[in-house]
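> Coordinates in structure-v3.cif, mmCIF, C-alpha atoms and all ligand atoms, are listed below.
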data_final
#
loop_
_atom_site.label_atom_id
_atom_site.label_comp_id
_atom_site.auth_asym_id
_atom_site.auth_seq_id
_atom_site.Cartn_x
_atom_site.Cartn_y
_atom_site.Cartn_z
CA MET A 3 -18.64 -14.56 -37.21
CA ARG A 4 -21.06 -15.38 -34.42
CA LEU A 5 -19.68 -17.49 -31.65
CA GLN A 6 -21.43 -19.06 -28.73
CA TYR A 7 -20.15 -18.30 -25.28
CA PRO A 8 -21.98 -19.01 -22.04
CA SER A 9 -24.81 -16.54 -21.46
CA ASN A 10 -24.12 -16.25 -17.73
CA ILE A 11 -20.94 -14.30 -18.50
CA LYS A 12 -21.31 -10.57 -18.27
CA VAL A 13 -18.79 -8.84 -20.52
CA ILE A 14 -17.49 -5.42 -19.49
CA GLN A 15 -15.49 -3.73 -22.22
CA LEU A 16 -12.46 -1.63 -21.49
CA PRO A 17 -10.17 0.20 -23.92
CA CYS A 18 -7.25 -1.85 -22.54
CA SER A 19 -6.98 -4.55 -19.87
CA GLY A 20 -4.58 -2.23 -18.02
CA ARG A 21 -7.59 -0.09 -17.17
CA VAL A 22 -9.07 -2.65 -14.79
CA ASP A 23 -8.97 -1.58 -11.24
CA ILE A 24 -8.39 -3.70 -8.15
CA LEU A 25 -11.38 -2.03 -6.57
CA HIS A 26 -13.70 -2.95 -9.47
CA LEU A 27 -12.53 -6.55 -9.45
CA LEU A 28 -13.25 -6.77 -5.73
CA LYS A 29 -16.62 -5.02 -6.13
CA ALA A 30 -17.67 -7.78 -8.53
CA PHE A 31 -17.06 -10.30 -5.75
CA GLU A 32 -18.80 -8.10 -3.20
CA ASP A 33 -21.81 -8.03 -5.50
CA GLY A 34 -21.86 -11.81 -5.68
CA ALA A 35 -19.93 -12.73 -8.83
CA ASP A 36 -18.87 -16.39 -8.72
CA GLY A 37 -15.79 -15.72 -10.79
CA VAL A 38 -14.11 -12.89 -12.68
CA TYR A 39 -11.57 -13.01 -15.46
CA VAL A 40 -9.71 -10.35 -17.34
CA ALA A 41 -9.13 -10.91 -21.05
CA GLY A 42 -6.20 -8.89 -22.33
CA CYS A 43 -4.16 -8.83 -25.51
CA LYS A 44 -1.31 -11.28 -25.95
CA GLU A 45 1.87 -10.37 -24.13
CA GLY A 46 3.76 -7.92 -26.30
CA ASP A 47 0.62 -6.95 -28.24
CA CYS A 48 -0.92 -4.39 -25.88
CA HIS A 49 -1.65 -1.14 -27.73
CA PHE A 50 -0.57 0.71 -24.61
CA LEU A 51 2.54 -1.48 -24.31
CA THR A 52 2.24 -2.85 -20.78
CA GLY A 53 -1.47 -2.72 -19.93
CA ASN A 54 -1.82 -6.50 -19.94
CA PHE A 55 1.19 -6.96 -17.64
CA LYS A 56 -0.27 -4.46 -15.20
CA ALA A 57 -3.64 -6.22 -15.41
CA ARG A 58 -2.02 -9.54 -14.54
CA ARG A 59 -0.34 -8.02 -11.50
CA LYS A 60 -3.64 -6.54 -10.34
CA VAL A 61 -5.31 -9.91 -10.79
CA ASN A 62 -2.55 -11.46 -8.67
CA TYR A 63 -3.12 -8.83 -6.00
CA VAL A 64 -6.83 -9.66 -5.92
CA LYS A 65 -5.95 -13.36 -5.67
CA GLN A 66 -4.05 -12.55 -2.47
CA VAL A 67 -6.98 -10.59 -1.07
CA LEU A 68 -9.38 -13.45 -1.88
CA THR A 69 -7.04 -15.95 -0.24
CA ALA A 70 -6.87 -13.82 2.90
CA LEU A 71 -10.67 -13.74 2.93
CA GLY A 72 -10.93 -17.51 2.55
CA ILE A 73 -12.22 -17.41 -1.04
CA GLU A 74 -10.66 -19.68 -3.69
CA PRO A 75 -8.08 -17.56 -5.59
CA GLU A 76 -8.96 -19.53 -8.76
CA ARG A 77 -12.15 -17.49 -8.94
CA ILE A 78 -10.15 -14.75 -10.60
CA GLU A 79 -7.85 -15.22 -13.59
CA MET A 80 -6.16 -13.33 -16.37
CA PHE A 81 -6.13 -14.66 -19.94
CA ASN A 82 -4.26 -13.33 -22.92
CA MET A 83 -5.71 -13.58 -26.41
CA SER A 84 -5.63 -11.65 -29.64
CA SER A 85 -8.65 -9.60 -30.62
CA ALA A 86 -8.63 -11.51 -33.90
CA GLU A 87 -9.17 -14.80 -32.08
CA GLY A 88 -12.92 -15.11 -31.67
CA PRO A 89 -12.87 -18.88 -31.18
CA ARG A 90 -10.25 -18.59 -28.43
CA PHE A 91 -12.42 -16.00 -26.65
CA ALA A 92 -15.35 -18.38 -26.72
CA GLN A 93 -13.22 -21.32 -25.63
CA VAL A 94 -11.73 -19.43 -22.65
CA ALA A 95 -15.23 -18.33 -21.68
CA ARG A 96 -16.49 -21.91 -21.72
CA GLU A 97 -13.52 -23.31 -19.83
CA PHE A 98 -13.57 -20.64 -17.16
CA THR A 99 -17.32 -20.98 -16.67
CA GLN A 100 -16.90 -24.69 -16.29
CA LYS A 101 -14.15 -24.28 -13.72
CA ILE A 102 -16.28 -21.86 -11.72
CA GLN A 103 -19.21 -24.25 -11.92
CA GLU A 104 -17.00 -26.91 -10.40
CA LEU A 105 -16.05 -24.54 -7.57
CA GLY A 106 -19.75 -23.82 -6.99
CA PRO A 107 -21.40 -20.57 -6.03
CA SER A 108 -19.33 -17.86 -4.37
CA PRO A 109 -19.13 -18.12 -0.56
CA VAL A 110 -20.15 -14.45 -0.53
CA LYS A 111 -23.57 -15.47 -1.91
CA THR A 112 -24.14 -18.65 0.01
CA ALA A 113 -23.65 -17.14 3.47
CA LYS A 114 -26.69 -17.41 5.71
CA ALA A 115 -27.73 -14.37 7.69
CA ALA A 116 -26.37 -14.75 11.23
CA MET B 15 7.24 11.24 2.80
CA ILE B 16 6.27 8.76 5.47
CA VAL B 17 6.06 5.29 3.97
CA GLY B 18 3.99 2.41 5.23
CA ASP B 19 2.72 -1.09 4.44
CA SER B 20 -0.80 -2.43 4.68
CA LYS B 21 -1.36 -4.69 7.63
CA PRO B 22 -2.42 -8.24 6.69
CA LEU B 23 -6.16 -8.41 6.11
CA GLU B 24 -6.41 -11.20 8.68
CA GLU B 25 -5.02 -8.88 11.37
CA ILE B 26 -7.51 -6.14 10.53
CA LEU B 27 -10.38 -8.64 10.50
CA GLU B 28 -9.36 -9.74 13.96
CA MET B 29 -9.29 -6.10 15.17
CA ILE B 30 -12.86 -5.47 14.04
CA GLU B 31 -14.24 -8.86 15.08
CA GLY B 32 -17.62 -8.34 16.72
CA LYS B 33 -17.64 -4.61 15.95
CA ASP B 34 -20.76 -3.68 14.04
CA ARG B 35 -20.24 -0.21 12.62
CA VAL B 36 -16.76 0.30 11.22
CA LEU B 37 -15.15 3.33 9.60
CA VAL B 38 -12.13 2.94 7.34
CA LEU B 39 -10.34 6.29 7.53
CA GLY B 40 -7.78 7.39 4.96
CA CYS B 41 -5.46 10.37 4.68
CA ARG B 42 -4.65 12.44 1.60
CA GLY B 43 -1.09 13.14 2.78
CA CYS B 44 1.98 10.89 2.64
CA VAL B 45 0.05 7.62 2.64
CA THR B 46 -1.86 8.62 -0.49
CA VAL B 47 1.42 9.29 -2.25
CA CYS B 48 2.88 5.94 -1.21
CA ASN B 49 -0.35 4.15 -2.20
CA VAL B 50 -1.19 2.65 1.16
CA GLY B 51 -3.75 4.88 2.84
CA GLY B 52 -5.52 7.18 0.39
CA GLU B 53 -9.07 7.19 -0.87
CA LYS B 54 -8.37 4.35 -3.27
CA GLU B 55 -6.92 2.09 -0.60
CA VAL B 56 -9.81 2.98 1.71
CA GLY B 57 -12.16 1.68 -1.00
CA ILE B 58 -10.21 -1.54 -1.46
CA LEU B 59 -9.90 -2.29 2.25
CA ALA B 60 -13.55 -1.42 2.99
CA THR B 61 -14.70 -3.63 0.10
CA ALA B 62 -12.58 -6.54 1.34
CA LEU B 63 -14.00 -6.11 4.84
CA ARG B 64 -17.56 -6.00 3.46
CA ILE B 65 -16.94 -9.20 1.51
CA ALA B 66 -15.69 -10.84 4.72
CA ARG B 67 -18.85 -9.73 6.52
CA LYS B 68 -21.13 -10.94 3.75
CA MET B 69 -19.46 -14.35 3.75
CA ARG B 70 -20.40 -14.74 7.37
CA GLY B 71 -23.89 -13.39 6.88
CA LEU B 72 -23.13 -10.32 8.99
CA PRO B 73 -24.38 -6.84 8.18
CA GLY B 74 -21.73 -4.82 6.40
CA HIS B 75 -21.78 -1.44 8.08
CA ILE B 76 -18.36 -0.55 6.76
CA GLU B 77 -18.09 3.12 5.91
CA GLU B 78 -15.36 4.98 4.05
CA ARG B 79 -13.88 8.40 4.59
CA THR B 80 -10.64 10.14 3.72
CA LEU B 81 -9.42 13.26 5.49
CA GLU B 82 -7.10 15.89 4.06
CA ARG B 83 -4.58 14.91 6.74
CA GLN B 84 -4.77 13.02 10.00
CA CYS B 85 -1.89 14.88 11.62
CA ASP B 86 -3.77 18.17 11.92
CA PRO B 87 -6.53 18.72 14.48
CA GLU B 88 -8.48 20.90 12.09
CA TYR B 89 -9.15 17.92 9.79
CA ILE B 90 -9.72 15.43 12.62
CA GLU B 91 -12.44 17.82 13.77
CA GLU B 92 -14.44 16.95 10.65
CA LEU B 93 -15.28 13.65 12.34
CA ALA B 94 -16.81 15.41 15.35
CA ASP B 95 -20.42 14.51 14.63
CA ALA B 96 -19.70 10.91 13.65
CA ALA B 97 -16.60 9.49 15.36
CA GLU B 98 -18.17 8.14 18.51
CA GLY B 99 -20.99 6.47 16.57
CA TYR B 100 -18.62 3.81 15.24
CA ASP B 101 -17.66 0.63 17.05
CA ALA B 102 -14.28 0.73 15.35
CA ILE B 103 -12.29 3.25 13.37
CA VAL B 104 -9.51 1.74 11.26
CA SER B 105 -7.08 4.54 10.39
CA ILE B 106 -4.81 3.86 7.44
CA ALA B 107 -2.75 7.02 7.92
CA CYS B 108 0.73 6.78 9.44
CA GLY B 109 0.91 6.09 13.17
CA VAL B 110 0.10 9.73 13.88
CA GLY B 111 -3.42 9.29 12.51
CA PRO B 112 -4.85 6.71 14.91
CA GLN B 113 -3.28 8.60 17.82
CA PHE B 114 -4.76 11.94 16.85
CA VAL B 115 -8.18 10.39 16.29
CA ALA B 116 -8.05 8.52 19.61
CA GLU B 117 -6.91 11.64 21.45
CA ARG B 118 -9.67 13.83 20.07
CA PHE B 119 -12.42 11.23 20.57
CA PRO B 120 -11.63 9.51 23.87
CA ALA B 121 -14.54 7.08 23.64
CA ALA B 122 -13.70 5.88 20.13
CA ARG B 123 -12.00 2.52 19.52
CA VAL B 124 -9.27 3.30 17.00
CA TYR B 125 -7.11 0.73 15.19
CA PRO B 126 -4.03 1.15 12.98
CA GLY B 127 -4.68 -0.39 9.56
CA ILE B 128 -1.12 0.05 8.29
CA ASN B 129 2.39 -0.41 9.61
CA THR B 130 4.34 2.84 9.39
CA THR B 131 7.80 1.88 8.20
CA PHE B 132 10.11 4.75 7.28
CA ILE B 133 10.80 8.23 5.92
CA GLY B 134 11.82 7.82 2.33
CA GLY B 135 11.16 8.48 -1.31
CA ALA B 136 9.99 6.66 -4.43
CA LEU B 137 12.72 5.12 -6.61
CA GLU B 138 10.13 4.26 -9.24
CA HIS B 139 6.39 3.63 -9.23
CA GLY B 140 5.81 0.98 -6.57
CA VAL B 141 9.30 1.04 -5.03
CA TRP B 142 10.27 3.16 -2.02
CA SER B 143 13.53 3.47 -0.15
CA GLU B 144 14.44 4.73 3.32
CA ARG B 145 16.42 7.96 3.23
CA CYS B 146 16.19 9.72 6.60
CA GLN B 147 16.00 8.66 10.21
CA SER B 148 15.07 12.12 11.52
CA CYS B 149 18.26 12.29 13.60
CA GLY B 150 17.61 15.96 14.28
CA ASN B 151 20.98 17.22 13.06
CA CYS B 152 21.34 16.80 9.32
CA LEU B 153 24.86 16.23 7.98
CA VAL B 154 24.30 14.87 4.47
CA HIS B 155 26.28 17.69 2.85
CA HIS B 156 29.46 16.22 4.35
CA PHE B 157 28.80 12.90 2.62
CA GLY B 158 28.03 13.91 -0.91
CA GLY B 159 24.32 14.15 -0.21
CA LEU B 160 24.05 10.58 1.05
CA CYS B 161 22.89 9.87 4.58
CA PRO B 162 25.14 7.48 6.51
CA ILE B 163 22.72 7.42 9.45
CA ALA B 164 19.67 6.13 7.61
CA ARG B 165 21.39 4.26 4.80
CA CYS B 166 24.28 2.52 6.54
CA SER B 167 22.96 -0.51 8.42
CA LYS B 168 25.23 0.42 11.34
CA SER B 169 24.87 4.21 11.00
CA LEU B 170 28.64 4.50 10.74
CA MET B 171 30.01 8.02 10.39
CA ASN B 172 33.66 7.31 9.64
CA GLY B 173 33.75 5.02 6.67
CA PRO B 174 32.59 1.51 5.88
CA CYS B 175 32.92 -1.51 8.13
CA GLY B 176 34.70 -4.66 7.00
CA GLY B 177 31.47 -6.10 5.64
CA SER B 178 31.36 -3.88 2.58
CA ALA B 179 31.86 -6.06 -0.50
CA ASN B 180 31.14 -5.50 -4.19
CA LYS B 181 29.26 -2.28 -3.42
CA LYS B 182 26.85 -4.13 -1.16
CA CYS B 183 26.22 -4.16 2.55
CA GLU B 184 26.94 -7.39 4.40
CA ILE B 185 23.37 -7.61 5.66
CA SER B 186 21.99 -8.40 2.19
CA PRO B 187 22.98 -8.34 -1.46
CA GLU B 188 19.87 -6.19 -1.97
CA VAL B 189 21.24 -3.37 0.17
CA ASP B 190 23.76 -0.91 -1.27
CA CYS B 191 26.68 -0.09 0.99
CA VAL B 192 26.09 3.62 1.38
CA TRP B 193 29.73 4.10 2.28
CA HIS B 194 30.73 2.68 -1.08
CA LEU B 195 28.38 5.21 -2.68
CA ILE B 196 29.72 8.05 -0.52
CA VAL B 197 33.34 7.32 -1.46
CA GLU B 198 32.48 6.99 -5.14
CA LYS B 199 30.52 10.24 -5.11
CA MET B 200 33.12 12.23 -3.18
CA GLU B 201 35.83 10.92 -5.47
CA ALA B 202 33.87 11.93 -8.55
CA MET B 203 33.41 15.38 -7.04
CA GLY B 204 37.12 15.65 -6.23
CA ARG B 205 36.30 15.95 -2.53
CA LEU B 206 37.80 12.71 -1.24
CA GLU B 207 40.06 14.43 1.30
CA GLU B 208 36.98 15.80 3.09
CA LEU B 209 36.29 12.24 4.22
CA GLU B 210 39.46 12.37 6.30
CA ARG B 211 37.60 14.38 8.87
CA VAL B 212 37.05 12.22 11.93
CA TRP B 213 33.59 12.45 13.36
CA PRO B 214 33.31 12.10 17.13
CA VAL B 215 30.49 10.02 18.54
CA LYS B 216 27.26 11.57 17.32
CA ASN B 217 25.12 13.29 19.87
CA TRP B 218 21.89 11.36 19.67
CA ILE B 219 20.06 13.73 22.03
CA THR B 220 18.54 15.45 18.99
CA SER B 221 17.30 12.08 17.80
CA ARG B 222 14.82 9.77 19.54
CA ASP B 223 17.39 9.09 22.26
CA GLY B 224 16.61 12.47 23.77
CA GLY B 225 13.03 11.34 24.35
CA PRO B 226 9.89 12.32 22.41
CA ARG B 227 10.46 15.49 20.45
CA ARG B 228 8.39 18.61 20.19
CA ARG B 229 8.80 21.66 18.05
CA VAL B 230 7.53 25.08 19.03
CA ARG B 231 7.44 28.10 16.77
CA GLU B 232 6.60 31.07 18.95
CA ASP B 233 5.97 33.25 15.91
CA LEU B 234 3.28 30.88 14.65
CA LYS B 235 1.59 30.04 17.95
CA GLN B 236 -1.80 31.58 18.57
S1 LIG C 1 -1.32 11.74 9.03
FE1 LIG C 1 0.64 10.82 8.52
S2 LIG C 1 0.35 10.10 6.47
FE2 LIG C 1 -1.23 11.63 6.80
S3 LIG C 1 -0.28 13.55 6.07
FE3 LIG C 1 0.07 13.38 8.25
S4 LIG C 1 2.11 12.51 8.37
FE4 LIG C 1 1.41 12.10 6.33
S1 LIG C 2 21.68 13.08 8.64
FE1 LIG C 2 19.91 12.84 10.01
S2 LIG C 2 18.39 14.35 9.30
FE2 LIG C 2 19.95 14.14 7.65
S3 LIG C 2 19.08 12.59 6.27
FE3 LIG C 2 20.39 11.48 7.75
S4 LIG C 2 19.02 10.90 9.45
FE4 LIG C 2 17.94 12.43 8.21
S1 LIG C 3 -4.70 -2.90 -25.46
FE1 LIG C 3 -3.71 -3.22 -23.54
S2 LIG C 3 -4.26 -5.27 -23.13
FE2 LIG C 3 -5.16 -4.95 -25.06
#
Represent the structure contained in this file as structure tokens.
Ligand code: SF4
Ligand code: SF4
Ligand code: FES

Amino acid sequence: MRLQYPSNIKVIQLPCSGRVDILHLLKAFEDGADGVYVAGCKEGDCHFLTGNFKARRKVNYVKQVLTALGIEPERIEMFNMSSAEGPRFAQVAREFTQKIQELGPSPVKTAKAA
Amino acid sequence: MIVGDSKPLEEILEMIEGKDRVLVLGCRGCVTVCNVGGEKEVGILATALRIARKMRGLPGHIEERTLERQCDPEYIEELADAAEGYDAIVSIACGVGPQFVAERFPAARVYPGINTTFIGGALEHGVWSERCQSCGNCLVHHFGGLCPIARCSKSLMNGPCGGSANKKCEISPEVDCVWHLIVEKMEAMGRLEELERVWPVKNWITSRDGGPRRRVREDLKQ
């Protein structure tokens, strides 16, 4: 099954969403990402039991950091989906991209040199 | 270990306002173990500070370094060639760290990046609890291995106050009444009568009340 999802999304594969690191999420913003989301298995379906819960807590931590920096916390989200749900993956990708487009480019990118 | 909390990012941003070259300095000791000041946290804080700089179009000269310990001059010395080249050094060790760095490098502007909170241990991953107040005269063996100084809100030595209810301290339902725990433990050990001993007022001279403390080991001194 081939599904269309927006081409401006860069997918980084991990063995489990629990492997994402706060530092890597922040680095994406440092490098100018307009938005970042973590796609993990449905709650209760993680092969490592609690990886997706840990991922959600890390995403929440990064939301707090972004807020403290004056960046919209909605630029980072966590979504749960089953690996058998291709259409849902594509739909989340489209919806998130659209939300980020509404927020506009990241304030990290738009800053003018002082 | 010594336990601490990150300072709010806003406070750290204010500290380094207008400072061009900044070093975020971690410690591999206690603060690594309590996940507040090790190499990983250095990376996270430095990245957040760089993002803040980028947003304002400022150059991001935010460097990262983590020393073995910040409470030993031999490791502080590793900064010798670099320390005074920074406009700000944010130490995320316990309160000893920024003081040792500032003492060794008198011209350096050093800032504490964490709040040092207590001496304690981990109850589980991500949860720490205060266990010792460094009173300088340990007595926990008289209380079933539970410290009434650090764990009783009033540091009572002769049993609970009237605020002990349902195993909890009157200051908060989150706080165990350590005296409830002491009685339960001593009872289980068949040692209840030991609690009849009346403790006179504790001599706090060995604690902070005797002024700043210093320890000298003649046999170790060079
Ligand atoms: S500087 Fe503080 S945090 Fe680091 S090892 Fe020494 S006592 Fe522990
Ligand atoms: S009795 Fe004093 S030294 Fe012992 S654990 Fe309590 S505060 Fe610490
Ligand atoms: S395997 Fe852990 S979130 Fe999918």
> For the interface of chain A with ligand LIG 3 (chain C) (cut-off 9 Å, counting all atoms listed in the file), please tabulate each contacting residue of chain A alongside its nearest pair of atoms and their separation in Å to one decimal, rows sorted by chain and increasing number, as JSON lines.

{"residue": "A:Leu16", "atom": "CA", "partner": "C:LIG3", "partner_atom": "FE2", "distance": 8.8}
{"residue": "A:Pro17", "atom": "CA", "partner": "C:LIG3", "partner_atom": "S1", "distance": 6.5}
{"residue": "A:Cys18", "atom": "CA", "partner": "C:LIG3", "partner_atom": "FE1", "distance": 3.9}
{"residue": "A:Ser19", "atom": "CA", "partner": "C:LIG3", "partner_atom": "S2", "distance": 4.3}
{"residue": "A:Gly20", "atom": "CA", "partner": "C:LIG3", "partner_atom": "FE1", "distance": 5.7}
{"residue": "A:Arg21", "atom": "CA", "partner": "C:LIG3", "partner_atom": "FE1", "distance": 8.1}
{"residue": "A:Ala41", "atom": "CA", "partner": "C:LIG3", "partner_atom": "S2", "distance": 7.7}
{"residue": "A:Gly42", "atom": "CA", "partner": "C:LIG3", "partner_atom": "S2", "distance": 4.2}
{"residue": "A:Cys43", "atom": "CA", "partner": "C:LIG3", "partner_atom": "FE2", "distance": 4.0}
{"residue": "A:Lys44", "atom": "CA", "partner": "C:LIG3", "partner_atom": "S2", "distance": 7.3}
{"residue": "A:Glu45", "atom": "CA", "partner": "C:LIG3", "partner_atom": "S2", "distance": 8.0}
{"residue": "A:Asp47", "atom": "CA", "partner": "C:LIG3", "partner_atom": "FE2", "distance": 6.9}
{"residue": "A:Cys48", "atom": "CA", "partner": "C:LIG3", "partner_atom": "FE1", "distance": 3.8}
{"residue": "A:His49", "atom": "CA", "partner": "C:LIG3", "partner_atom": "S1", "distance": 4.2}
{"residue": "A:Phe50", "atom": "CA", "partner": "C:LIG3", "partner_atom": "FE1", "distance": 5.1}
{"residue": "A:Leu51", "atom": "CA", "partner": "C:LIG3", "partner_atom": "FE1", "distance": 6.5}
{"residue": "A:Thr52", "atom": "CA", "partner": "C:LIG3", "partner_atom": "FE1", "distance": 6.6}
{"residue": "A:Gly53", "atom": "CA", "partner": "C:LIG3", "partner_atom": "FE1", "distance": 4.3}
{"residue": "A:Asn54", "atom": "CA", "partner": "C:LIG3", "partner_atom": "S2", "distance": 4.2}
{"residue": "A:Phe55", "atom": "CA", "partner": "C:LIG3", "partner_atom": "S2", "distance": 7.9}
{"residue": "A:Lys56", "atom": "CA", "partner": "C:LIG3", "partner_atom": "S2", "distance": 8.9}
{"residue": "A:Ala57", "atom": "CA", "partner": "C:LIG3", "partner_atom": "S2", "distance": 7.8}
{"residue": "A:Asn82", "atom": "CA", "partner": "C:LIG3", "partner_atom": "S2", "distance": 8.1}
{"residue": "A:Met83", "atom": "CA", "partner": "C:LIG3", "partner_atom": "FE2", "distance": 8.8}
{"residue": "A:Ser84", "atom": "CA", "partner": "C:LIG3", "partner_atom": "FE2", "distance": 8.1}
{"residue": "A:Ser85", "atom": "CA", "partner": "C:LIG3", "partner_atom": "FE2", "distance": 8.0}
> Check every protein, DNA and RNA residue against ligand LIG 2 (chain C), keep those with an atom at most 6 Å away (counting all atoms listed in the file), and present them as a list of chain:residue names.
B:Cys146, B:Gln147, B:Ser148, B:Cys149, B:Gly150, B:Asn151, B:Cys152, B:Leu153, B:Val154, B:Cys161, B:Ile163, B:Ala164
> Which residues are near Leu68 (chain A)? Cut-off 9 Å, all atoms listed in the file, ignore same chain within fewer than 4 positions. Put them as a VMD selection string.
(chain A and resid 28 63 to 64 72 to 75 77 to 78) or (chain B and resid 62)
> Tell me which of B:Thr61, B:Asn49, B:Ser169, B:Thr220 sits closest to chain A, counting all atoms listed in the file.
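Result for the nearest residue to chain A: B:Thr61.
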> When you count all atoms listed in the file, which of these residues is closest to ligand LIG 1 (chain C): B:Pro214, B:Gly18, B:Pro120, B:Pro226?
B:Gly18
> Considering all atoms listed in the file, can you say which of B:Trp142, B:Tyr125, B:Phe157, B:Phe132 comes closest to Glu31 (chain B)?
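Comparing B:Trp142, B:Tyr125, B:Phe157, B:Phe132 against Glu31 (chain B), the winner is B:Tyr125.
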> Pick out the residues no farther than 7 Å from ligand LIG 1 (chain C), counting only C-alpha atoms and all ligand atoms, and list them as a list in words.
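Selection of residues at most 7 Å from ligand LIG 1 (chain C): Met15, Ile16, Cys41, Arg42, Gly43, Cys44, Val45, Arg83, Gln84, Cys85, Ala107, Cys108, Gly109, Val110 and Gly111 of chain B.
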> Selected residues, C-alpha atoms, written as a PDB file, in the coordinates of the input, please.

ATOM      1  CA  MET B  15       7.240  11.240   2.800  1.00  0.00           C
ATOM      2  CA  ILE B  16       6.270   8.760   5.470  1.00  0.00           C
ATOM      3  CA  CYS B  41      -5.460  10.370   4.680  1.00  0.00           C
ATOM      4  CA  ARG B  42      -4.650  12.440   1.600  1.00  0.00           C
ATOM      5  CA  GLY B  43      -1.090  13.140   2.780  1.00  0.00           C
ATOM      6  CA  CYS B  44       1.980  10.890   2.640  1.00  0.00           C
ATOM      7  CA  VAL B  45       0.050   7.620   2.640  1.00  0.00           C
ATOM      8  CA  ARG B  83      -4.580  14.910   6.740  1.00  0.00           C
ATOM      9  CA  GLN B  84      -4.770  13.020  10.000  1.00  0.00           C
ATOM     10  CA  CYS B  85      -1.890  14.880  11.620  1.00  0.00           C
ATOM     11  CA  ALA B 107      -2.750   7.020   7.920  1.00  0.00           C
ATOM     12  CA  CYS B 108       0.730   6.780   9.440  1.00  0.00           C
ATOM     13  CA  GLY B 109       0.910   6.090  13.170  1.00  0.00           C
ATOM     14  CA  VAL B 110       0.100   9.730  13.880  1.00  0.00           C
ATOM     15  CA  GLY B 111      -3.420   9.290  12.510  1.00  0.00           C
TER      16      GLY B 111
END
> At a cut-off of 12 Å, which residues of chain A touch chain B? Count only C-alpha atoms and give the answer as JSON, numbers by chain.
{"A": [23, 24, 25, 26, 27, 28, 29, 30, 31, 32, 33, 34, 35, 56, 59, 63, 64, 65, 66, 67, 68, 69, 70, 71, 72, 73, 107, 108, 109, 110, 111, 112, 113, 114, 115, 116]}
> I'd like to know which of A:Met80, A:Val61, A:Val22, A:Ala95 is closest to Ser9 (chain A), using all atoms listed in the file.
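Of A:Met80, A:Val61, A:Val22, A:Ala95, the one nearest Ser9 (chain A) is A:Ala95, counting all atoms listed in the file.
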> Using only C-alpha atoms, which residues sit within 12 Å of Asn10 (chain A) once same-chain residues fewer than 6 positions away are excluded, as JSON, numbers by chain?
{"A": [35, 36, 37, 38, 95, 96, 98, 99, 100, 102, 103]}
> So what do you get for CA of Glu79 (chain A) versus CA of Tyr39 (chain A), distance-wise?
4.7 Å
> For CA of Arg79 (chain B) and CA of Leu39 (chain B), quote the distance in Å rounded to one decimal.
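Pair CA of Arg79 (chain B) / CA of Leu39 (chain B) returns 5.1 Å.
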> What box, with edges along x, y and z, holds each listed atom of region 41-55 of chain A when 6 Å is added on every side, and can you state its centre and edge lengths in Å to one decimal, as JSON?

{"center_x": -2.7, "center_y": -5.3, "center_z": -22.9, "size_x": 24.9, "size_y": 24.0, "size_z": 22.6}
> Considering all atoms listed in the file, state which residue in the set A:Gly46, A:Glu76, A:Leu5, A:Lys60 is at the smallest distance from Glu104 (chain A).
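Ranking A:Gly46, A:Glu76, A:Leu5, A:Lys60 by distance to Glu104 (chain A), first place goes to A:Glu76.
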> Quick one: distance from CA of Asp34 (chain B) to CA of Asp86 (chain B) in Å, one decimal?
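So the two atoms, CA of Asp34 (chain B) and CA of Asp86 (chain B), lie 27.8 Å apart.
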> Could you list, as a list in words, every residue within 10 Å of region 191-195 of chain B, counting all atoms listed in the file and ignoring same-chain residues fewer than 5 positions away?
Phe157, Gly158, Leu160, Cys161, Pro162, Ile163, Ala164, Arg165, Cys166, Ser167, Ser169, Leu170, Met171, Asn172, Gly173, Pro174, Cys175, Gly177, Ser178, Ala179, Asn180, Lys181, Lys182, Cys183, Glu184, Ile185, Ser186, Met200 and Glu201 of chain B
